[in-house]
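Next comes model_21.cif, a file with mmCIF, N, CA and C atoms.
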```
data_model
#
loop_
_atom_site.label_atom_id
_atom_site.label_comp_id
_atom_site.auth_asym_id
_atom_site.auth_seq_id
_atom_site.Cartn_x
_atom_site.Cartn_y
_atom_site.Cartn_z
N MET A 629 208.13 85.69 79.86
CA MET A 629 207.05 86.30 79.11
C MET A 629 207.52 87.64 78.53
N GLN A 630 208.20 88.43 79.35
CA GLN A 630 208.67 89.73 78.87
C GLN A 630 209.71 89.56 77.76
N THR A 631 210.50 88.50 77.82
CA THR A 631 211.47 88.25 76.76
C THR A 631 210.76 88.00 75.44
N GLY A 632 209.68 87.24 75.48
CA GLY A 632 208.90 86.99 74.28
C GLY A 632 208.25 88.25 73.73
N ILE A 633 207.77 89.11 74.62
CA ILE A 633 207.16 90.37 74.19
C ILE A 633 208.20 91.24 73.50
N LEU A 634 209.39 91.34 74.08
CA LEU A 634 210.45 92.13 73.45
C LEU A 634 210.89 91.54 72.12
N PHE A 635 210.94 90.21 72.03
CA PHE A 635 211.29 89.55 70.77
C PHE A 635 210.27 89.87 69.68
N VAL A 636 208.98 89.81 70.01
CA VAL A 636 207.93 90.13 69.04
C VAL A 636 208.03 91.61 68.64
N GLY A 637 208.35 92.48 69.60
CA GLY A 637 208.52 93.89 69.29
C GLY A 637 209.66 94.14 68.31
N ILE A 638 210.76 93.45 68.52
CA ILE A 638 211.92 93.61 67.61
C ILE A 638 211.57 93.11 66.22
N VAL A 639 210.87 91.98 66.13
CA VAL A 639 210.47 91.45 64.83
C VAL A 639 209.52 92.40 64.13
N CYS A 640 208.53 92.92 64.86
CA CYS A 640 207.57 93.87 64.26
C CYS A 640 208.28 95.15 63.82
N GLN A 641 209.25 95.60 64.59
CA GLN A 641 210.00 96.80 64.21
C GLN A 641 210.81 96.55 62.95
N ALA A 642 211.44 95.38 62.87
CA ALA A 642 212.24 95.05 61.69
C ALA A 642 211.38 94.92 60.44
N VAL A 643 210.23 94.29 60.56
CA VAL A 643 209.32 94.15 59.41
C VAL A 643 208.76 95.51 59.01
N GLY A 644 208.41 96.32 59.99
CA GLY A 644 207.88 97.65 59.71
C GLY A 644 208.88 98.57 59.03
N ALA A 645 210.16 98.32 59.25
CA ALA A 645 211.19 99.15 58.62
C ALA A 645 211.14 99.06 57.10
N PHE A 646 210.65 97.94 56.58
CA PHE A 646 210.59 97.77 55.13
C PHE A 646 209.27 98.23 54.52
N PHE A 647 208.21 98.28 55.30
CA PHE A 647 206.88 98.52 54.73
C PHE A 647 206.22 99.83 55.15
N VAL A 648 206.76 100.52 56.13
CA VAL A 648 206.10 101.70 56.68
C VAL A 648 206.80 102.97 56.21
N GLU A 649 205.99 103.96 55.82
CA GLU A 649 206.57 105.23 55.37
C GLU A 649 206.94 106.13 56.55
N ARG A 650 206.05 106.23 57.54
CA ARG A 650 206.29 107.10 58.70
C ARG A 650 206.93 106.28 59.80
N GLN A 651 208.26 106.12 59.74
CA GLN A 651 209.00 105.23 60.64
C GLN A 651 208.89 105.64 62.12
N VAL A 652 209.04 106.92 62.40
CA VAL A 652 209.02 107.36 63.80
C VAL A 652 207.62 107.19 64.40
N TYR A 653 206.59 107.51 63.64
CA TYR A 653 205.20 107.36 64.08
C TYR A 653 204.91 105.89 64.37
N TYR A 654 205.35 105.01 63.49
CA TYR A 654 205.16 103.58 63.67
C TYR A 654 205.92 103.08 64.89
N ALA A 655 207.19 103.45 65.01
CA ALA A 655 208.02 102.97 66.12
C ALA A 655 207.49 103.45 67.46
N LYS A 656 207.08 104.71 67.53
CA LYS A 656 206.54 105.26 68.78
C LYS A 656 205.28 104.50 69.18
N SER A 657 204.41 104.25 68.23
CA SER A 657 203.16 103.54 68.52
C SER A 657 203.44 102.09 68.91
N LEU A 658 204.33 101.43 68.18
CA LEU A 658 204.63 100.02 68.45
C LEU A 658 205.24 99.85 69.83
N TRP A 659 206.24 100.64 70.17
CA TRP A 659 206.92 100.45 71.44
C TRP A 659 206.08 100.89 72.63
N PHE A 660 205.17 101.83 72.40
CA PHE A 660 204.22 102.16 73.48
C PHE A 660 203.33 100.95 73.75
N GLY A 661 202.87 100.28 72.69
CA GLY A 661 202.06 99.07 72.86
C GLY A 661 202.84 97.95 73.50
N ILE A 662 204.12 97.82 73.14
CA ILE A 662 204.98 96.78 73.73
C ILE A 662 205.16 97.04 75.23
N PHE A 663 205.42 98.27 75.61
CA PHE A 663 205.59 98.58 77.04
C PHE A 663 204.29 98.42 77.80
N MET A 664 203.15 98.69 77.15
CA MET A 664 201.86 98.41 77.79
C MET A 664 201.68 96.91 77.98
N ALA A 665 202.13 96.10 77.02
CA ALA A 665 202.02 94.65 77.14
C ALA A 665 202.90 94.13 78.29
N ILE A 666 204.09 94.69 78.44
CA ILE A 666 204.96 94.28 79.54
C ILE A 666 204.32 94.65 80.87
N ALA A 667 203.77 95.87 80.95
CA ALA A 667 203.08 96.28 82.18
C ALA A 667 201.87 95.39 82.44
N ALA A 668 201.14 95.02 81.40
CA ALA A 668 199.98 94.15 81.57
C ALA A 668 200.39 92.77 82.05
N SER A 669 201.51 92.26 81.57
CA SER A 669 201.96 90.94 82.03
C SER A 669 202.35 90.97 83.51
N VAL A 670 203.00 92.04 83.93
CA VAL A 670 203.35 92.19 85.35
C VAL A 670 202.08 92.32 86.18
N HIS A 671 201.13 93.13 85.70
CA HIS A 671 199.86 93.30 86.41
C HIS A 671 199.09 91.98 86.49
N MET A 672 199.12 91.22 85.40
CA MET A 672 198.44 89.93 85.38
C MET A 672 199.05 88.97 86.41
N TYR A 673 200.37 88.95 86.47
CA TYR A 673 201.05 88.10 87.45
C TYR A 673 200.66 88.50 88.87
N ARG A 674 200.71 89.79 89.16
CA ARG A 674 200.40 90.26 90.51
C ARG A 674 198.94 89.99 90.86
N THR A 675 198.04 90.16 89.89
CA THR A 675 196.63 89.91 90.14
C THR A 675 196.38 88.43 90.43
N LEU A 676 196.99 87.55 89.63
CA LEU A 676 196.82 86.12 89.86
C LEU A 676 197.44 85.69 91.18
N ASP A 677 198.60 86.23 91.50
CA ASP A 677 199.26 85.90 92.75
C ASP A 677 198.42 86.32 93.95
N ARG A 678 197.89 87.52 93.88
CA ARG A 678 197.05 88.03 94.96
C ARG A 678 195.72 87.28 95.03
N GLY A 679 195.14 87.02 93.86
CA GLY A 679 193.83 86.38 93.84
C GLY A 679 193.86 84.95 94.32
N LEU A 680 194.91 84.21 93.98
CA LEU A 680 194.97 82.81 94.36
C LEU A 680 195.26 82.61 95.84
N ASP A 681 195.69 83.66 96.52
CA ASP A 681 195.88 83.60 97.97
C ASP A 681 194.60 83.89 98.74
N CYS A 682 193.56 84.35 98.05
CA CYS A 682 192.35 84.80 98.74
C CYS A 682 191.27 83.75 98.89
N GLY A 683 191.39 82.61 98.27
CA GLY A 683 190.40 81.56 98.43
C GLY A 683 189.11 81.85 97.68
N ALA A 684 188.03 82.08 98.42
CA ALA A 684 186.69 82.23 97.82
C ALA A 684 186.56 83.49 96.96
N ASP A 685 187.28 84.55 97.28
CA ASP A 685 187.18 85.80 96.53
C ASP A 685 188.12 85.85 95.33
N ALA A 686 188.77 84.76 95.01
CA ALA A 686 189.78 84.75 93.94
C ALA A 686 189.18 85.16 92.60
N SER A 687 188.03 84.64 92.26
CA SER A 687 187.45 84.96 90.95
C SER A 687 187.09 86.43 90.83
N LYS A 688 186.64 87.04 91.92
CA LYS A 688 186.32 88.47 91.89
C LYS A 688 187.56 89.31 91.68
N ILE A 689 188.63 88.98 92.39
CA ILE A 689 189.87 89.75 92.29
C ILE A 689 190.48 89.60 90.89
N ILE A 690 190.48 88.39 90.37
CA ILE A 690 191.04 88.15 89.04
C ILE A 690 190.21 88.84 87.97
N PHE A 691 188.89 88.80 88.11
CA PHE A 691 188.02 89.45 87.14
C PHE A 691 188.18 90.97 87.18
N ARG A 692 188.34 91.54 88.38
CA ARG A 692 188.58 92.99 88.49
C ARG A 692 189.88 93.38 87.81
N GLY A 693 190.92 92.58 87.98
CA GLY A 693 192.20 92.85 87.31
C GLY A 693 192.06 92.79 85.80
N TYR A 694 191.31 91.80 85.32
CA TYR A 694 191.05 91.67 83.89
C TYR A 694 190.31 92.89 83.35
N LEU A 695 189.27 93.32 84.05
CA LEU A 695 188.52 94.50 83.62
C LEU A 695 189.38 95.76 83.63
N PHE A 696 190.23 95.89 84.64
CA PHE A 696 191.10 97.07 84.72
C PHE A 696 192.05 97.13 83.52
N ARG A 697 192.68 95.98 83.19
CA ARG A 697 193.62 95.96 82.08
C ARG A 697 192.95 96.34 80.76
N TYR A 698 191.79 95.79 80.49
CA TYR A 698 191.15 96.07 79.22
C TYR A 698 190.47 97.44 79.20
N ALA A 699 190.00 97.93 80.34
CA ALA A 699 189.47 99.30 80.39
C ALA A 699 190.61 100.30 80.13
N PHE A 700 191.78 100.02 80.69
CA PHE A 700 192.93 100.89 80.45
C PHE A 700 193.33 100.85 78.98
N LEU A 701 193.30 99.68 78.36
CA LEU A 701 193.62 99.55 76.94
C LEU A 701 192.63 100.34 76.09
N VAL A 702 191.35 100.23 76.39
CA VAL A 702 190.33 100.97 75.63
C VAL A 702 190.54 102.47 75.80
N PHE A 703 190.87 102.90 77.02
CA PHE A 703 191.11 104.32 77.27
C PHE A 703 192.31 104.82 76.45
N VAL A 704 193.40 104.07 76.46
CA VAL A 704 194.60 104.48 75.72
C VAL A 704 194.32 104.52 74.22
N LEU A 705 193.60 103.53 73.71
CA LEU A 705 193.27 103.51 72.29
C LEU A 705 192.35 104.67 71.91
N ALA A 706 191.42 105.00 72.78
CA ALA A 706 190.53 106.14 72.51
C ALA A 706 191.31 107.44 72.48
N VAL A 707 192.23 107.62 73.42
CA VAL A 707 193.06 108.82 73.43
C VAL A 707 193.94 108.87 72.19
N ALA A 708 194.47 107.73 71.79
CA ALA A 708 195.32 107.70 70.59
C ALA A 708 194.51 108.05 69.35
N MET A 709 193.25 107.61 69.29
CA MET A 709 192.41 107.93 68.12
C MET A 709 192.05 109.40 68.08
N VAL A 710 191.72 109.96 69.22
CA VAL A 710 191.29 111.35 69.26
C VAL A 710 192.45 112.31 69.01
N THR A 711 193.58 112.05 69.64
CA THR A 711 194.71 112.99 69.53
C THR A 711 195.57 112.75 68.30
N GLU A 712 195.52 111.56 67.73
CA GLU A 712 196.33 111.18 66.58
C GLU A 712 197.84 111.31 66.84
N VAL A 713 198.23 111.20 68.11
CA VAL A 713 199.64 111.23 68.46
C VAL A 713 200.29 109.91 68.08
N MET A 714 199.52 108.82 68.22
CA MET A 714 200.00 107.48 67.87
C MET A 714 198.93 106.79 67.03
N ASN A 715 199.36 105.79 66.30
CA ASN A 715 198.44 104.99 65.51
C ASN A 715 197.80 103.93 66.42
N PRO A 716 196.48 103.97 66.64
CA PRO A 716 195.86 103.03 67.57
C PRO A 716 195.97 101.57 67.12
N LEU A 717 195.98 101.32 65.82
CA LEU A 717 196.13 99.94 65.36
C LEU A 717 197.51 99.38 65.66
N VAL A 718 198.53 100.20 65.53
CA VAL A 718 199.89 99.74 65.83
C VAL A 718 200.07 99.60 67.35
N VAL A 719 199.46 100.49 68.12
CA VAL A 719 199.50 100.34 69.58
C VAL A 719 198.84 99.02 69.98
N PHE A 720 197.70 98.72 69.37
CA PHE A 720 197.00 97.47 69.66
C PHE A 720 197.84 96.26 69.22
N MET A 721 198.50 96.38 68.09
CA MET A 721 199.37 95.29 67.63
C MET A 721 200.49 95.06 68.65
N GLY A 722 201.07 96.13 69.16
CA GLY A 722 202.11 96.00 70.18
C GLY A 722 201.58 95.36 71.44
N TYR A 723 200.36 95.72 71.83
CA TYR A 723 199.75 95.15 73.03
C TYR A 723 199.45 93.66 72.83
N MET A 724 199.06 93.29 71.63
CA MET A 724 198.74 91.90 71.35
C MET A 724 199.98 91.02 71.28
N SER A 725 201.16 91.63 71.36
CA SER A 725 202.38 90.83 71.47
C SER A 725 202.34 90.01 72.75
N LEU A 726 201.54 90.44 73.70
CA LEU A 726 201.32 89.68 74.93
C LEU A 726 200.76 88.30 74.60
N LYS A 727 199.84 88.22 73.67
CA LYS A 727 199.24 86.94 73.27
C LYS A 727 200.24 86.08 72.51
N VAL A 728 200.99 86.70 71.61
CA VAL A 728 201.98 85.95 70.84
C VAL A 728 203.08 85.42 71.78
N ALA A 729 203.47 86.23 72.73
CA ALA A 729 204.51 85.82 73.68
C ALA A 729 204.05 84.64 74.53
N ALA A 730 202.76 84.55 74.80
CA ALA A 730 202.25 83.41 75.56
C ALA A 730 202.46 82.11 74.78
N PHE A 731 202.28 82.15 73.46
CA PHE A 731 202.52 80.97 72.64
C PHE A 731 204.01 80.69 72.47
N LEU A 732 204.83 81.73 72.50
CA LEU A 732 206.28 81.56 72.36
C LEU A 732 206.96 81.20 73.68
N GLN A 733 206.23 81.20 74.78
CA GLN A 733 206.81 81.04 76.10
C GLN A 733 207.61 79.75 76.27
N PRO A 734 207.16 78.60 75.79
CA PRO A 734 208.02 77.41 75.94
C PRO A 734 209.37 77.56 75.21
N PHE A 735 209.35 78.17 74.04
CA PHE A 735 210.59 78.39 73.30
C PHE A 735 211.51 79.37 74.03
N THR A 736 210.97 80.50 74.48
CA THR A 736 211.80 81.49 75.17
C THR A 736 212.29 80.95 76.51
N HIS A 737 211.50 80.09 77.15
CA HIS A 737 211.92 79.48 78.42
C HIS A 737 213.14 78.59 78.20
N LYS A 738 213.10 77.76 77.15
CA LYS A 738 214.25 76.90 76.84
C LYS A 738 215.46 77.73 76.44
N LEU A 739 215.22 78.80 75.68
CA LEU A 739 216.30 79.68 75.26
C LEU A 739 216.98 80.34 76.46
N CYS A 740 216.18 80.85 77.38
CA CYS A 740 216.74 81.49 78.58
C CYS A 740 217.45 80.48 79.48
N ASN A 741 216.90 79.26 79.60
CA ASN A 741 217.59 78.22 80.38
C ASN A 741 218.95 77.89 79.78
N GLY A 742 219.01 77.81 78.45
CA GLY A 742 220.29 77.53 77.80
C GLY A 742 221.26 78.69 77.94
N PHE A 743 220.77 79.90 77.83
CA PHE A 743 221.63 81.08 77.91
C PHE A 743 222.22 81.23 79.31
N PHE A 744 221.42 81.01 80.34
CA PHE A 744 221.88 81.18 81.72
C PHE A 744 222.37 79.87 82.35
N HIS A 745 222.47 78.79 81.55
CA HIS A 745 222.95 77.48 82.01
C HIS A 745 222.16 76.99 83.21
N GLU A 746 220.84 77.04 83.11
CA GLU A 746 219.96 76.59 84.17
C GLU A 746 219.17 75.37 83.70
N THR A 747 218.66 74.62 84.65
CA THR A 747 217.77 73.51 84.34
C THR A 747 216.51 73.65 85.18
N ASP A 748 215.43 73.11 84.68
CA ASP A 748 214.18 73.14 85.43
C ASP A 748 214.24 72.07 86.51
N PRO A 749 213.63 72.34 87.67
CA PRO A 749 213.64 71.33 88.72
C PRO A 749 212.79 70.13 88.32
N VAL A 750 213.19 68.96 88.81
CA VAL A 750 212.44 67.74 88.54
C VAL A 750 211.27 67.69 89.51
N PRO A 751 210.05 67.51 88.99
CA PRO A 751 208.89 67.46 89.90
C PRO A 751 209.01 66.27 90.86
N ALA A 752 208.71 66.52 92.11
CA ALA A 752 208.76 65.47 93.12
C ALA A 752 207.48 65.54 93.94
N PRO A 753 207.01 64.42 94.46
CA PRO A 753 205.79 64.46 95.28
C PRO A 753 206.05 65.19 96.59
N LEU A 754 205.01 65.80 97.10
CA LEU A 754 205.11 66.45 98.40
C LEU A 754 205.26 65.40 99.48
N PRO A 755 205.86 65.74 100.61
CA PRO A 755 206.09 64.74 101.67
C PRO A 755 204.80 64.06 102.14
N GLU A 756 203.72 64.80 102.23
CA GLU A 756 202.49 64.21 102.74
C GLU A 756 201.84 63.26 101.73
N GLU A 757 202.23 63.33 100.44
CA GLU A 757 201.67 62.43 99.45
C GLU A 757 202.27 61.03 99.61
N GLY A 758 203.57 60.96 99.79
CA GLY A 758 204.25 59.70 100.03
C GLY A 758 204.01 58.65 98.97
N ALA A 759 204.71 57.57 99.05
CA ALA A 759 204.59 56.50 98.07
C ALA A 759 203.31 55.70 98.26
N SER A 760 202.88 55.50 99.51
CA SER A 760 201.68 54.68 99.74
C SER A 760 200.42 55.36 99.25
N GLY A 761 200.34 56.67 99.36
CA GLY A 761 199.15 57.39 98.89
C GLY A 761 199.01 57.30 97.39
N GLY A 762 200.12 57.39 96.65
CA GLY A 762 200.07 57.30 95.20
C GLY A 762 199.68 55.91 94.73
N GLU A 763 200.20 54.87 95.44
CA GLU A 763 199.86 53.50 95.08
C GLU A 763 198.39 53.23 95.36
N GLN A 764 197.88 53.76 96.47
CA GLN A 764 196.48 53.57 96.83
C GLN A 764 195.58 54.21 95.78
N ALA A 765 195.92 55.41 95.34
CA ALA A 765 195.10 56.10 94.34
C ALA A 765 195.12 55.35 93.02
N SER A 766 196.27 54.80 92.63
CA SER A 766 196.33 54.07 91.36
C SER A 766 195.54 52.77 91.45
N ARG A 767 195.53 52.10 92.63
CA ARG A 767 194.71 50.90 92.81
C ARG A 767 193.23 51.23 92.69
N GLU A 768 192.82 52.36 93.29
CA GLU A 768 191.41 52.76 93.22
C GLU A 768 190.99 53.04 91.79
N VAL A 769 191.84 53.69 91.01
CA VAL A 769 191.53 53.99 89.63
C VAL A 769 191.43 52.71 88.82
N SER A 770 192.37 51.76 89.02
CA SER A 770 192.33 50.52 88.26
C SER A 770 191.14 49.67 88.65
N GLU A 771 190.71 49.67 89.91
CA GLU A 771 189.53 48.94 90.32
C GLU A 771 188.27 49.52 89.73
N GLU A 772 188.21 50.87 89.62
CA GLU A 772 187.04 51.53 89.05
C GLU A 772 186.93 51.23 87.56
N SER A 773 188.04 51.08 86.87
CA SER A 773 187.99 50.83 85.44
C SER A 773 187.54 49.41 85.11
N LEU A 774 187.62 48.49 86.08
CA LEU A 774 187.18 47.11 85.84
C LEU A 774 185.71 47.06 85.95
#
```

What would you get if you wrote out this structure as structure tokens?
Amino acid sequence: MQTGILFVGIVCQAVGAFFVERQVYYAKSLWFGIFMAIAASVHMYRTLDRGLDCGADASKIIFRGYLFRYAFLVFVLAVAMVTEVMNPLVVFMGYMSLKVAAFLQPFTHKLCNGFFHETDPVPAPLPEEGASGGEQASREVSEESL
């Protein structure tokens, strides 16, 4: 995910080099948004990991993490608007690279696997599922469809 975010940041920086007059202002705002997106992706991972271990309270923990990320984004954008140190629209564009990277994730995953000469593991049934359990479930489904 972080690879995709950095890729989107490099593309946005390259495109901005041709169209933006205030290069340093644009670059500072863009890369601040990119680093916020990387931090948000790490926070999202940790929140989901923690939340899915909690059982019944998982939705509360995940929702709190979601609110924290977007409250922090609103706070940073408000500070950027008031102080005019960075362009809030470019910061937001950098942060939204998180969304673009999610769509690019299958491509970046294959690219990283090829670069590091890795392969994905082949899915296998868990030991307790066994062959008889799978056959029984498929028989039940076929009987229900008749």

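In terms of minimum interatomic distance to A:Met721, A:Gly661 ranks closest within A:Pro751, A:Gly683, A:Gly632, A:Gly661, counting all atoms listed in the file.
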
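Look at A:Leu705: the protein and nucleic acid residues within 6 Å of it, using only C-alpha atoms and passing over chain neighbours fewer than 3 places away, are Val702, Ala708 and Pro716 of chain A.
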
Save out the residues we just selected, N, CA and C atoms, as a short mmCIF file (atom, residue, chain, number, x, y, z; two decimals), keeping the file's coordinate frame.
```cif
data_model
loop_
_atom_site.label_atom_id
_atom_site.label_comp_id
_atom_site.auth_asym_id
_atom_site.auth_seq_id
_atom_site.Cartn_x
_atom_site.Cartn_y
_atom_site.Cartn_z
N VAL A 702 191.35 100.23 76.39
CA VAL A 702 190.33 100.97 75.63
C VAL A 702 190.54 102.47 75.80
N ALA A 708 194.47 107.73 71.79
CA ALA A 708 195.32 107.70 70.59
C ALA A 708 194.51 108.05 69.35
N PRO A 716 196.48 103.97 66.64
CA PRO A 716 195.86 103.03 67.57
C PRO A 716 195.97 101.57 67.12
#
```

Picked residues, the PyMOL selection byres (((chain A and resi 670-673 and name CA) around 9) and name CA), expected as a list in words: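 Against this file, the PyMOL selection byres (((chain A and resi 670-673 and name CA) around 9) and name CA) returns the residues Gln630, Ala665, Ile666, Ala667, Ala668, Ser669, Arg674, Thr675, Leu676, Asp677, Arg678, Ile690, Gly693, Tyr694 and Arg697 of chain A.
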
List as a count of residues only the protein and nucleic acid residues near A:Val718, meaning an atom at most 9 Å away when only C-alpha atoms are counted, but skip any in the same chain fewer than 3 places from it. 10

Closest of A:Val652, A:Ile662, A:Leu695, A:Met709 to A:Gly637, counting only N, CA and C atoms, is A:Ile662

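Coordinates place atom C of A:Leu634 at a distance of 11.5 Å from atom N of A:Leu732.
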
Per DSSP on the backbone, filter chain A down to the residues in helix (DSSP H, G or I) and report them as a ChimeraX atom specification. /A:630-647,651-680,683-711,716-723,725-743,758-773

d(atom C of A:Thr736, atom C of A:Lys656) in Å: 25.6 Å

Give me the residues near A:Thr747 as a list in words, where near means some atom within 10 Å (using only C-alpha atoms) and where sequence neighbours in that chain fewer than 6 positions away do not count.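 After dropping sequence-adjacent residues, the list is Lys738, Cys740 and Asn741 of chain A.
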
Distance in Å - atom CA of A:Ile638 versus atom N of A:Phe663: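 Calculated distance between atom CA of A:Ile638 and atom N of A:Phe663 is 11.3 Å.
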